[in-house]
$ cat structure.cif   # mmCIF, N, CA and C atoms
data_coords
loop_
_atom_site.label_atom_id
_atom_site.label_comp_id
_atom_site.auth_asym_id
_atom_site.auth_seq_id
_atom_site.Cartn_x
_atom_site.Cartn_y
_atom_site.Cartn_z
N MET G 16 4.73 13.66 -9.13
CA MET G 16 4.38 12.33 -8.68
C MET G 16 3.48 11.70 -9.75
N THR G 17 3.84 10.51 -10.17
CA THR G 17 3.09 9.84 -11.23
C THR G 17 1.85 9.14 -10.66
N VAL G 18 1.01 8.68 -11.56
CA VAL G 18 -0.21 7.98 -11.15
C VAL G 18 0.13 6.71 -10.37
N ILE G 19 1.14 5.97 -10.83
CA ILE G 19 1.50 4.74 -10.12
C ILE G 19 2.05 5.05 -8.72
N ASP G 20 2.74 6.18 -8.58
CA ASP G 20 3.21 6.60 -7.25
C ASP G 20 2.03 6.84 -6.32
N ARG G 21 1.02 7.53 -6.82
CA ARG G 21 -0.16 7.83 -6.00
C ARG G 21 -0.92 6.55 -5.62
N ILE G 22 -1.07 5.65 -6.58
CA ILE G 22 -1.75 4.38 -6.30
C ILE G 22 -0.97 3.60 -5.25
N ALA G 23 0.34 3.56 -5.40
CA ALA G 23 1.18 2.84 -4.43
C ALA G 23 1.06 3.46 -3.05
N LEU G 24 1.05 4.78 -2.97
CA LEU G 24 0.91 5.44 -1.67
C LEU G 24 -0.44 5.15 -1.04
N ILE G 25 -1.49 5.17 -1.84
CA ILE G 25 -2.83 4.88 -1.32
C ILE G 25 -2.89 3.46 -0.77
N LEU G 26 -2.38 2.50 -1.55
CA LEU G 26 -2.39 1.11 -1.08
C LEU G 26 -1.54 0.92 0.17
N THR G 27 -0.42 1.63 0.24
CA THR G 27 0.43 1.54 1.42
C THR G 27 -0.27 2.11 2.65
N VAL G 28 -0.98 3.20 2.47
CA VAL G 28 -1.74 3.78 3.59
C VAL G 28 -2.85 2.83 4.03
N VAL G 29 -3.55 2.23 3.07
CA VAL G 29 -4.59 1.25 3.40
C VAL G 29 -3.98 0.11 4.22
N GLY G 30 -2.83 -0.38 3.78
CA GLY G 30 -2.15 -1.45 4.51
C GLY G 30 -1.75 -1.03 5.91
N ALA G 31 -1.25 0.19 6.03
CA ALA G 31 -0.85 0.69 7.35
C ALA G 31 -2.05 0.82 8.29
N LEU G 32 -3.16 1.32 7.76
CA LEU G 32 -4.36 1.43 8.59
C LEU G 32 -4.88 0.06 9.00
N ASN G 33 -4.81 -0.90 8.08
CA ASN G 33 -5.25 -2.25 8.41
C ASN G 33 -4.36 -2.85 9.51
N TRP G 34 -3.04 -2.68 9.38
CA TRP G 34 -2.14 -3.19 10.41
C TRP G 34 -2.35 -2.45 11.73
N GLY G 35 -2.68 -1.18 11.66
CA GLY G 35 -3.00 -0.45 12.88
C GLY G 35 -4.22 -1.01 13.59
N SER G 36 -5.23 -1.37 12.80
CA SER G 36 -6.43 -1.95 13.42
C SER G 36 -6.14 -3.34 13.98
N VAL G 37 -5.22 -4.07 13.34
CA VAL G 37 -4.83 -5.38 13.88
C VAL G 37 -4.09 -5.18 15.21
N GLY G 38 -3.16 -4.23 15.22
CA GLY G 38 -2.37 -3.99 16.42
C GLY G 38 -3.17 -3.44 17.58
N LEU G 39 -4.09 -2.52 17.30
CA LEU G 39 -4.85 -1.87 18.37
C LEU G 39 -6.08 -2.67 18.80
N PHE G 40 -6.76 -3.27 17.84
CA PHE G 40 -8.05 -3.89 18.14
C PHE G 40 -8.12 -5.37 17.83
N GLN G 41 -7.02 -5.95 17.34
CA GLN G 41 -6.99 -7.34 16.90
C GLN G 41 -8.10 -7.62 15.89
N PHE G 42 -8.28 -6.67 14.97
CA PHE G 42 -9.33 -6.76 13.96
C PHE G 42 -8.73 -6.49 12.59
N ASP G 43 -8.76 -7.50 11.71
CA ASP G 43 -8.22 -7.38 10.36
C ASP G 43 -9.36 -6.99 9.42
N VAL G 44 -9.37 -5.72 9.01
CA VAL G 44 -10.45 -5.18 8.17
C VAL G 44 -10.49 -5.89 6.82
N VAL G 45 -9.33 -6.12 6.21
CA VAL G 45 -9.29 -6.78 4.90
C VAL G 45 -9.87 -8.18 4.99
N ALA G 46 -9.48 -8.94 5.98
CA ALA G 46 -10.02 -10.29 6.15
C ALA G 46 -11.52 -10.25 6.40
N TRP G 47 -11.95 -9.28 7.19
CA TRP G 47 -13.38 -9.16 7.49
C TRP G 47 -14.18 -8.85 6.23
N LEU G 48 -13.67 -7.94 5.41
CA LEU G 48 -14.38 -7.57 4.18
C LEU G 48 -14.36 -8.68 3.13
N CYS G 49 -13.31 -9.48 3.14
CA CYS G 49 -13.11 -10.47 2.06
C CYS G 49 -13.48 -11.89 2.45
N GLY G 50 -13.94 -12.09 3.66
CA GLY G 50 -14.37 -13.43 4.06
C GLY G 50 -13.27 -14.29 4.65
N GLY G 51 -12.26 -13.69 5.20
CA GLY G 51 -11.20 -14.45 5.87
C GLY G 51 -9.84 -14.19 5.26
N VAL G 52 -8.83 -14.50 6.05
CA VAL G 52 -7.45 -14.27 5.64
C VAL G 52 -7.08 -15.14 4.44
N ASP G 53 -7.64 -16.33 4.37
CA ASP G 53 -7.27 -17.28 3.33
C ASP G 53 -8.05 -17.12 2.04
N SER G 54 -8.99 -16.17 1.97
CA SER G 54 -9.75 -16.01 0.74
C SER G 54 -8.86 -15.45 -0.36
N LEU G 55 -9.18 -15.77 -1.58
CA LEU G 55 -8.38 -15.32 -2.72
C LEU G 55 -8.33 -13.80 -2.80
N LEU G 56 -9.46 -13.14 -2.60
CA LEU G 56 -9.50 -11.68 -2.67
C LEU G 56 -8.61 -11.04 -1.61
N ALA G 57 -8.64 -11.55 -0.39
CA ALA G 57 -7.79 -11.02 0.68
C ALA G 57 -6.32 -11.21 0.32
N ARG G 58 -5.97 -12.36 -0.21
CA ARG G 58 -4.58 -12.61 -0.59
C ARG G 58 -4.14 -11.68 -1.71
N ILE G 59 -5.04 -11.38 -2.64
CA ILE G 59 -4.72 -10.44 -3.73
C ILE G 59 -4.47 -9.05 -3.14
N ILE G 60 -5.33 -8.63 -2.22
CA ILE G 60 -5.17 -7.30 -1.60
C ILE G 60 -3.87 -7.23 -0.81
N TYR G 61 -3.57 -8.27 -0.02
CA TYR G 61 -2.33 -8.28 0.75
C TYR G 61 -1.11 -8.21 -0.18
N THR G 62 -1.18 -8.92 -1.29
CA THR G 62 -0.07 -8.91 -2.25
C THR G 62 0.06 -7.54 -2.91
N ALA G 63 -1.06 -6.93 -3.28
CA ALA G 63 -1.02 -5.59 -3.90
C ALA G 63 -0.44 -4.57 -2.93
N VAL G 64 -0.80 -4.66 -1.67
CA VAL G 64 -0.27 -3.73 -0.67
C VAL G 64 1.24 -3.96 -0.49
N ALA G 65 1.67 -5.20 -0.49
CA ALA G 65 3.10 -5.50 -0.36
C ALA G 65 3.87 -4.95 -1.55
N LEU G 66 3.36 -5.15 -2.76
CA LEU G 66 4.02 -4.63 -3.95
C LEU G 66 4.06 -3.10 -3.93
N ALA G 67 2.98 -2.48 -3.44
CA ALA G 67 2.95 -1.03 -3.32
C ALA G 67 4.01 -0.54 -2.34
N GLY G 68 4.18 -1.27 -1.26
CA GLY G 68 5.22 -0.91 -0.29
C GLY G 68 6.60 -0.99 -0.90
N VAL G 69 6.84 -2.02 -1.69
CA VAL G 69 8.13 -2.15 -2.37
C VAL G 69 8.32 -0.99 -3.35
N TRP G 70 7.26 -0.64 -4.08
CA TRP G 70 7.35 0.49 -5.00
C TRP G 70 7.68 1.79 -4.26
N CYS G 71 7.08 1.97 -3.09
CA CYS G 71 7.29 3.20 -2.33
C CYS G 71 8.73 3.34 -1.83
N ILE G 72 9.46 2.24 -1.78
CA ILE G 72 10.88 2.32 -1.43
C ILE G 72 11.59 3.21 -2.45
N SER G 73 11.18 3.11 -3.71
CA SER G 73 11.82 3.94 -4.75
C SER G 73 11.58 5.43 -4.51
N LEU G 74 10.48 5.77 -3.88
CA LEU G 74 10.19 7.19 -3.59
C LEU G 74 11.21 7.77 -2.62
N ILE G 75 11.71 6.95 -1.74
CA ILE G 75 12.68 7.41 -0.75
C ILE G 75 13.98 7.85 -1.43
N PHE G 76 14.37 7.14 -2.48
CA PHE G 76 15.67 7.36 -3.09
C PHE G 76 15.63 8.26 -4.32
N ARG G 77 14.47 8.76 -4.70
CA ARG G 77 14.40 9.66 -5.85
C ARG G 77 14.90 11.04 -5.48
N SER G 78 15.68 11.60 -6.37
CA SER G 78 16.16 12.97 -6.13
C SER G 78 15.07 13.95 -6.56
N ASP G 79 15.18 15.17 -6.08
CA ASP G 79 14.21 16.20 -6.46
C ASP G 79 14.25 16.47 -7.95
N GLU G 80 15.44 16.39 -8.54
CA GLU G 80 15.56 16.62 -9.98
C GLU G 80 14.83 15.54 -10.77
N ALA G 81 14.95 14.30 -10.35
CA ALA G 81 14.28 13.20 -11.06
C ALA G 81 12.77 13.35 -10.96
N ILE G 82 12.30 13.83 -9.85
CA ILE G 82 10.85 14.03 -9.68
C ILE G 82 10.37 15.15 -10.58
N GLU G 83 11.12 16.23 -10.68
CA GLU G 83 10.72 17.35 -11.51
C GLU G 83 10.80 17.02 -12.99
N GLU G 84 11.70 16.12 -13.39
CA GLU G 84 11.79 15.71 -14.79
C GLU G 84 10.56 14.94 -15.23
N MET G 85 9.87 14.30 -14.30
CA MET G 85 8.68 13.51 -14.61
C MET G 85 7.51 14.40 -14.98
N HIS G 86 7.54 15.65 -14.59
CA HIS G 86 6.42 16.55 -14.83
C HIS G 86 6.46 17.11 -16.20
#

$ encode --input "structure.cif" --output "structure tokens"
Amino acid sequence: MTVIDRIALILTVVGALNWGSVGLFQFDVVAWLCGGVDSLLARIIYTAVALAGVWCISLIFRSDEAIEEMH
């Protein structure tokens, strides 16, 4: 697993936990930390998490051989 794979997974987990807090408690942690949903920093974080999710799609389709070749 490459460094970018790990970063993407971390960001995806952060996004999942944030959505979990929205679903369970109606509390958006990212918006709370960044000063609202419309703040530039919150929008950057939301975009980074979305891009990480798109990157993680590639992890689903990688073969075991392709993963071992990266090492």

$ resolve_selection --input "structure.cif" --expression "the PyMOL selection byres (((chain G and resi 24-35 and name CA) around 9) and name CA)" --output "NGL selection string"
:G and (19-23 or 36-45 or 60-61 or 63-68 or 70-71)

$ select_by_dssp --input "structure.cif" --residues "chain G" --states "helix (DSSP H, G or I)" --output "ChimeraX atom specification"
/G:18-40,44-49,55-76,79-84

$ atom_distance --input "structure.cif" --atom1 "atom CA of Ile75 of chain G" --atom2 "atom CA of Arg58 of chain G"
26.4 Å

$ axis_aligned_box --input "structure.cif" --around "segment 24-33 of chain G" --padding-each-side "3 Å" --output "lines of an AutoDock Vina configuration file"
center_x = -2.1
center_y = 1.3
center_z = 3.3
size_x = 12.3
size_y = 14.3
size_z = 18.5

$ atom_distance --input "structure.cif" --atom1 "atom CA of Phe76 of chain G" --atom2 "atom CA of Val18 of chain G"
17.8 Å

$ atom_distance --input "structure.cif" --atom1 "atom N of Ile59 of chain G" --atom2 "atom C of Ser73 of chain G"
23.7 Å
